[in-house]
Structures are given as structure tokens and as C-alpha cells.
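Only one structure is covered here, and it is reproduced in the block below.
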Amino acid sequence: MEQKTPLQAEKKRKIRERFGTAFKALVFAVHPSGVPGEIPGACSNRNYAARAAVKYMIMKGLLEVDPDTKEVELDFTTCTVCDADTTFYYRYFENLSWCFLNEPPETRYTVCFQSPLFYNITLDERWFFTRAM
């Protein structure tokens with residue numbers, strides 16, 4: 001979420017109620033507004049969220065850190081970026097993992113695994129003038 005997102009506490013509560021048991025952890029990152037040198041937008045929000053998630057996973061022992069180099073082992077980690085209203089096929093993450101692990105190691109980290117996009121969910125329930133735009 002962004003710092004300027006209205007009703008943050010309520011949104012977090014609803015997400016926890018709905019998905020709290022579906023994942024090992026839910027991490028909410030609130031991206032501050034006006035960071036010097038940063039261009040506001042989706043990329044900076046996602047960058048902030050990814051960094052917050054990595055910090056959380058290190059803190060909870062979900063990611064290993066090499067004691068000598070202090071580098072994080074991300075070789076078998078995938079990251080999925082989506083909007084709050086994204087709909088995934090119920091076996092999407094299983095399939096993503098299979099595709100990732102079956103991609104040859106020399107190209108595994110240069111492939112973008114794109115999920116299907118659904119822009120018109122419940123389009124038939126929208127007002128005609130909204131659908132026509």
C-alpha cells in the first residue's frame with residue numbers, strides 16, 4: 001500500500017480475515033510518499049514492497065543469509081506481483097513453481113513467467129456505458 005492509501009487498517013483487516021490462513025505469512029508494506037530521488041508510481045511501490053518482504057523473510061528465518069558474504073540465497077524464490085483484485089486459477093502457484101523448476105538453470109532467471117490477465121471480470125454486470133468505454 002501507499003502511505004496515502006485511505007482506510008489502510010480496514011483494508012489490512014479484511015485481507016487478513018480473507019487470506020490469513022492461506023499463506024505462511026502476509027506482509028503489508030506501506031510505501032512512504034515523497035522519497036527523495038524516487039519516481040512515484042507502481043514500480044517504486046513494488047520495489048519498496050519486495051524489499052520489505054525480503055527483510056521480513058530474513059528476520060523470520062524464511063530466507064538464508066550467507067554468514068560470510070551476507071548475501072541472501074534467492075535461487076529458488078519467485079515473486080508474483082498483482083493487484084488486489086487479481087484472480088488466479090486455483091493451481092496457478094503450483095504451475096508457476098513447476099515451470100520455474102523445469103526451466104533450464106542457465107535461462108531460469110531470465111524468463112518472465114506472465115500470469116493470464118483478466119481485465120473484464122464480471123463485465124456482464126457493469127453498466128453498458130462503462131462497458132462501451
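Naming scheme: A, B, ... for chains in displayed order of the C-alpha cells; residues 1 onward per chain; ligands 1 onward as shown.
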Can you tell me, as a list of chain:residue names, what residues are no more than 9 Å from stretch 22-36 of chain A when counting only C-alpha atoms, ignoring any on the same chain fewer than 3 positions away?
A:Met1, A:Glu2, A:Gln3, A:Lys4, A:Thr5, A:Gln8, A:Lys12, A:Ile15, A:Arg16, A:Arg18, A:Phe19, A:Ile39, A:Pro40, A:Ser44, A:Asn45, A:Arg46, A:Tyr48, A:Ala49, A:Ala50, A:Ala52, A:Ala53, A:Tyr56
DSSP-assigned helix (DSSP H, G or I) members of stretch 3-118 of chain A, reported as a PDB file with N, CA and C atoms, in the first residue's frame:
```
ATOM      1  N   GLN A   8      -6.309   2.236   5.476  1.00  0.00           N
ATOM      2  CA  GLN A   8      -5.306   1.166   5.486  1.00  0.00           C
ATOM      3  C   GLN A   8      -5.621   0.071   6.499  1.00  0.00           C
ATOM      4  N   ALA A   9      -5.933   0.458   7.728  1.00  0.00           N
ATOM      5  CA  ALA A   9      -6.183  -0.530   8.782  1.00  0.00           C
ATOM      6  C   ALA A   9      -7.352  -1.433   8.413  1.00  0.00           C
ATOM      7  N   GLU A  10      -8.400  -0.849   7.877  1.00  0.00           N
ATOM      8  CA  GLU A  10      -9.583  -1.625   7.477  1.00  0.00           C
ATOM      9  C   GLU A  10      -9.239  -2.581   6.335  1.00  0.00           C
ATOM     10  N   LYS A  11      -8.478  -2.115   5.391  1.00  0.00           N
ATOM     11  CA  LYS A  11      -8.083  -2.964   4.252  1.00  0.00           C
ATOM     12  C   LYS A  11      -7.204  -4.118   4.719  1.00  0.00           C
ATOM     13  N   LYS A  12      -6.258  -3.835   5.590  1.00  0.00           N
ATOM     14  CA  LYS A  12      -5.405  -4.887   6.120  1.00  0.00           C
ATOM     15  C   LYS A  12      -6.235  -5.924   6.882  1.00  0.00           C
ATOM     16  N   ARG A  13      -7.172  -5.450   7.694  1.00  0.00           N
ATOM     17  CA  ARG A  13      -8.022  -6.358   8.471  1.00  0.00           C
ATOM     18  C   ARG A  13      -8.810  -7.285   7.553  1.00  0.00           C
ATOM     19  N   LYS A  14      -9.403  -6.719   6.508  1.00  0.00           N
ATOM     20  CA  LYS A  14     -10.191  -7.531   5.577  1.00  0.00           C
ATOM     21  C   LYS A  14      -9.326  -8.564   4.853  1.00  0.00           C
ATOM     22  N   ILE A  15      -8.131  -8.162   4.468  1.00  0.00           N
ATOM     23  CA  ILE A  15      -7.225  -9.091   3.784  1.00  0.00           C
ATOM     24  C   ILE A  15      -6.806 -10.208   4.737  1.00  0.00           C
ATOM     25  N   ARG A  16      -6.501  -9.851   5.973  1.00  0.00           N
ATOM     26  CA  ARG A  16      -6.129 -10.877   6.970  1.00  0.00           C
ATOM     27  C   ARG A  16      -7.284 -11.849   7.207  1.00  0.00           C
ATOM     28  N   GLU A  17      -8.498 -11.326   7.332  1.00  0.00           N
ATOM     29  CA  GLU A  17      -9.670 -12.193   7.543  1.00  0.00           C
ATOM     30  C   GLU A  17      -9.852 -13.163   6.381  1.00  0.00           C
ATOM     31  N   ARG A  18      -9.709 -12.662   5.190  1.00  0.00           N
ATOM     32  CA  ARG A  18      -9.974 -13.476   3.991  1.00  0.00           C
ATOM     33  C   ARG A  18      -8.838 -14.443   3.674  1.00  0.00           C
ATOM     34  N   PHE A  19      -7.572 -14.005   3.847  1.00  0.00           N
ATOM     35  CA  PHE A  19      -6.437 -14.794   3.381  1.00  0.00           C
ATOM     36  C   PHE A  19      -5.441 -15.172   4.478  1.00  0.00           C
ATOM     37  N   ALA A  42       3.877   2.747  -9.765  1.00  0.00           N
ATOM     38  CA  ALA A  42       3.792   1.314  -9.496  1.00  0.00           C
ATOM     39  C   ALA A  42       5.166   0.687  -9.279  1.00  0.00           C
ATOM     40  N   CYS A  43       6.153   1.061 -10.086  1.00  0.00           N
ATOM     41  CA  CYS A  43       7.492   0.460  -9.948  1.00  0.00           C
ATOM     42  C   CYS A  43       8.101   0.743  -8.585  1.00  0.00           C
ATOM     43  N   SER A  44       8.030   1.984  -8.141  1.00  0.00           N
ATOM     44  CA  SER A  44       8.627   2.307  -6.841  1.00  0.00           C
ATOM     45  C   SER A  44       7.845   1.634  -5.711  1.00  0.00           C
ATOM     46  N   ASN A  45       6.538   1.524  -5.845  1.00  0.00           N
ATOM     47  CA  ASN A  45       5.735   0.823  -4.833  1.00  0.00           C
ATOM     48  C   ASN A  45       6.138  -0.642  -4.756  1.00  0.00           C
ATOM     49  N   ARG A  46       6.281  -1.290  -5.907  1.00  0.00           N
ATOM     50  CA  ARG A  46       6.630  -2.720  -5.944  1.00  0.00           C
ATOM     51  C   ARG A  46       8.052  -2.948  -5.450  1.00  0.00           C
ATOM     52  N   ASN A  47       8.962  -2.049  -5.803  1.00  0.00           N
ATOM     53  CA  ASN A  47      10.334  -2.153  -5.327  1.00  0.00           C
ATOM     54  C   ASN A  47      10.353  -2.092  -3.801  1.00  0.00           C
ATOM     55  N   TYR A  48       9.636  -1.141  -3.236  1.00  0.00           N
ATOM     56  CA  TYR A  48       9.575  -0.988  -1.790  1.00  0.00           C
ATOM     57  C   TYR A  48       8.978  -2.240  -1.141  1.00  0.00           C
ATOM     58  N   ALA A  49       7.898  -2.748  -1.717  1.00  0.00           N
ATOM     59  CA  ALA A  49       7.236  -3.934  -1.167  1.00  0.00           C
ATOM     60  C   ALA A  49       8.137  -5.161  -1.230  1.00  0.00           C
ATOM     61  N   ALA A  50       8.843  -5.351  -2.345  1.00  0.00           N
ATOM     62  CA  ALA A  50       9.736  -6.502  -2.482  1.00  0.00           C
ATOM     63  C   ALA A  50      10.855  -6.444  -1.453  1.00  0.00           C
ATOM     64  N   ARG A  51      11.420  -5.258  -1.265  1.00  0.00           N
ATOM     65  CA  ARG A  51      12.498  -5.110  -0.277  1.00  0.00           C
ATOM     66  C   ARG A  51      11.979  -5.355   1.143  1.00  0.00           C
ATOM     67  N   ALA A  52      10.784  -4.877   1.435  1.00  0.00           N
ATOM     68  CA  ALA A  52      10.188  -5.101   2.759  1.00  0.00           C
ATOM     69  C   ALA A  52       9.917  -6.589   2.978  1.00  0.00           C
ATOM     70  N   ALA A  53       9.455  -7.277   1.939  1.00  0.00           N
ATOM     71  CA  ALA A  53       9.175  -8.710   2.060  1.00  0.00           C
ATOM     72  C   ALA A  53      10.465  -9.497   2.299  1.00  0.00           C
ATOM     73  N   VAL A  54      11.535  -9.148   1.588  1.00  0.00           N
ATOM     74  CA  VAL A  54      12.816  -9.835   1.785  1.00  0.00           C
ATOM     75  C   VAL A  54      13.319  -9.607   3.214  1.00  0.00           C
ATOM     76  N   LYS A  55      13.243  -8.368   3.699  1.00  0.00           N
ATOM     77  CA  LYS A  55      13.670  -8.080   5.079  1.00  0.00           C
ATOM     78  C   LYS A  55      12.866  -8.907   6.074  1.00  0.00           C
ATOM     79  N   TYR A  56      11.548  -8.995   5.866  1.00  0.00           N
ATOM     80  CA  TYR A  56      10.688  -9.764   6.752  1.00  0.00           C
ATOM     81  C   TYR A  56      11.080 -11.245   6.742  1.00  0.00           C
ATOM     82  N   MET A  57      11.298 -11.786   5.532  1.00  0.00           N
ATOM     83  CA  MET A  57      11.637 -13.211   5.423  1.00  0.00           C
ATOM     84  C   MET A  57      12.989 -13.517   6.052  1.00  0.00           C
ATOM     85  N   ILE A  58      13.940 -12.606   5.954  1.00  0.00           N
ATOM     86  CA  ILE A  58      15.232 -12.796   6.620  1.00  0.00           C
ATOM     87  C   ILE A  58      15.031 -12.778   8.133  1.00  0.00           C
ATOM     88  N   MET A  59      14.275 -11.801   8.620  1.00  0.00           N
ATOM     89  CA  MET A  59      14.034 -11.652  10.052  1.00  0.00           C
ATOM     90  C   MET A  59      13.358 -12.900  10.636  1.00  0.00           C
ATOM     91  N   TYR A  92      -2.516 -21.971  -9.957  1.00  0.00           N
ATOM     92  CA  TYR A  92      -1.550 -21.077 -10.600  1.00  0.00           C
ATOM     93  C   TYR A  92      -0.159 -21.199  -9.974  1.00  0.00           C
ATOM     94  N   PHE A  93      -0.076 -21.107  -8.654  1.00  0.00           N
ATOM     95  CA  PHE A  93       1.232 -21.107  -7.998  1.00  0.00           C
ATOM     96  C   PHE A  93       1.918 -22.467  -8.109  1.00  0.00           C
ATOM     97  N   GLU A  94       1.150 -23.519  -8.092  1.00  0.00           N
ATOM     98  CA  GLU A  94       1.708 -24.857  -8.323  1.00  0.00           C
ATOM     99  C   GLU A  94       2.315 -24.940  -9.726  1.00  0.00           C
ATOM    100  N   ASN A  95       1.583 -24.424 -10.696  1.00  0.00           N
ATOM    101  CA  ASN A  95       2.071 -24.436 -12.073  1.00  0.00           C
ATOM    102  C   ASN A  95       3.278 -23.518 -12.249  1.00  0.00           C
ATOM    103  N   LEU A  96       3.247 -22.366 -11.627  1.00  0.00           N
ATOM    104  CA  LEU A  96       4.391 -21.451 -11.683  1.00  0.00           C
ATOM    105  C   LEU A  96       5.649 -22.124 -11.142  1.00  0.00           C
ATOM    106  N   SER A  97       5.526 -22.799 -10.012  1.00  0.00           N
ATOM    107  CA  SER A  97       6.672 -23.496  -9.423  1.00  0.00           C
ATOM    108  C   SER A  97       7.196 -24.573 -10.367  1.00  0.00           C
ATOM    109  N   TRP A  98       6.291 -25.330 -10.968  1.00  0.00           N
ATOM    110  CA  TRP A  98       6.695 -26.387 -11.903  1.00  0.00           C
ATOM    111  C   TRP A  98       7.445 -25.785 -13.092  1.00  0.00           C
ATOM    112  N   CYS A  99       6.900 -24.717 -13.665  1.00  0.00           N
ATOM    113  CA  CYS A  99       7.548 -24.079 -14.820  1.00  0.00           C
ATOM    114  C   CYS A  99       8.923 -23.546 -14.446  1.00  0.00           C
ATOM    115  N   PHE A 100       9.028 -22.909 -13.292  1.00  0.00           N
ATOM    116  CA  PHE A 100      10.299 -22.348 -12.831  1.00  0.00           C
ATOM    117  C   PHE A 100      11.344 -23.451 -12.661  1.00  0.00           C
ATOM    118  N   LEU A 101      10.970 -24.526 -11.970  1.00  0.00           N
ATOM    119  CA  LEU A 101      11.926 -25.598 -11.691  1.00  0.00           C
ATOM    120  C   LEU A 101      12.283 -26.412 -12.929  1.00  0.00           C
ATOM    121  N   ASN A 102      11.413 -26.422 -13.932  1.00  0.00           N
ATOM    122  CA  ASN A 102      11.689 -27.175 -15.147  1.00  0.00           C
ATOM    123  C   ASN A 102      12.348 -26.346 -16.240  1.00  0.00           C
ATOM    124  N   ARG A 108      16.657 -19.916 -16.426  1.00  0.00           N
ATOM    125  CA  ARG A 108      15.599 -19.813 -15.406  1.00  0.00           C
ATOM    126  C   ARG A 108      15.418 -18.386 -14.881  1.00  0.00           C
ATOM    127  N   TYR A 109      16.522 -17.668 -14.751  1.00  0.00           N
ATOM    128  CA  TYR A 109      16.454 -16.339 -14.128  1.00  0.00           C
ATOM    129  C   TYR A 109      16.312 -15.206 -15.131  1.00  0.00           C
ATOM    130  N   THR A 110      16.168 -15.552 -16.388  1.00  0.00           N
ATOM    131  CA  THR A 110      15.977 -14.530 -17.418  1.00  0.00           C
ATOM    132  C   THR A 110      14.598 -14.620 -18.046  1.00  0.00           C
TER     133      THR A 110
END
```
So that I can check the surroundings of stretch 73-90 of chain A, please list as a ChimeraX atom specification every protein, DNA and RNA residue that reaches within 7 Å of it, counting only C-alpha atoms and ignoring chain neighbours fewer than 6 positions away.
/A:63-65
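The spacing separating atom CA of A:Leu62 from atom CA of A:Glu103 amounts to 23.7 Å.
Here atom CA of A:Thr21 is placed at a distance of 17.3 Å from atom CA of A:Lys60.
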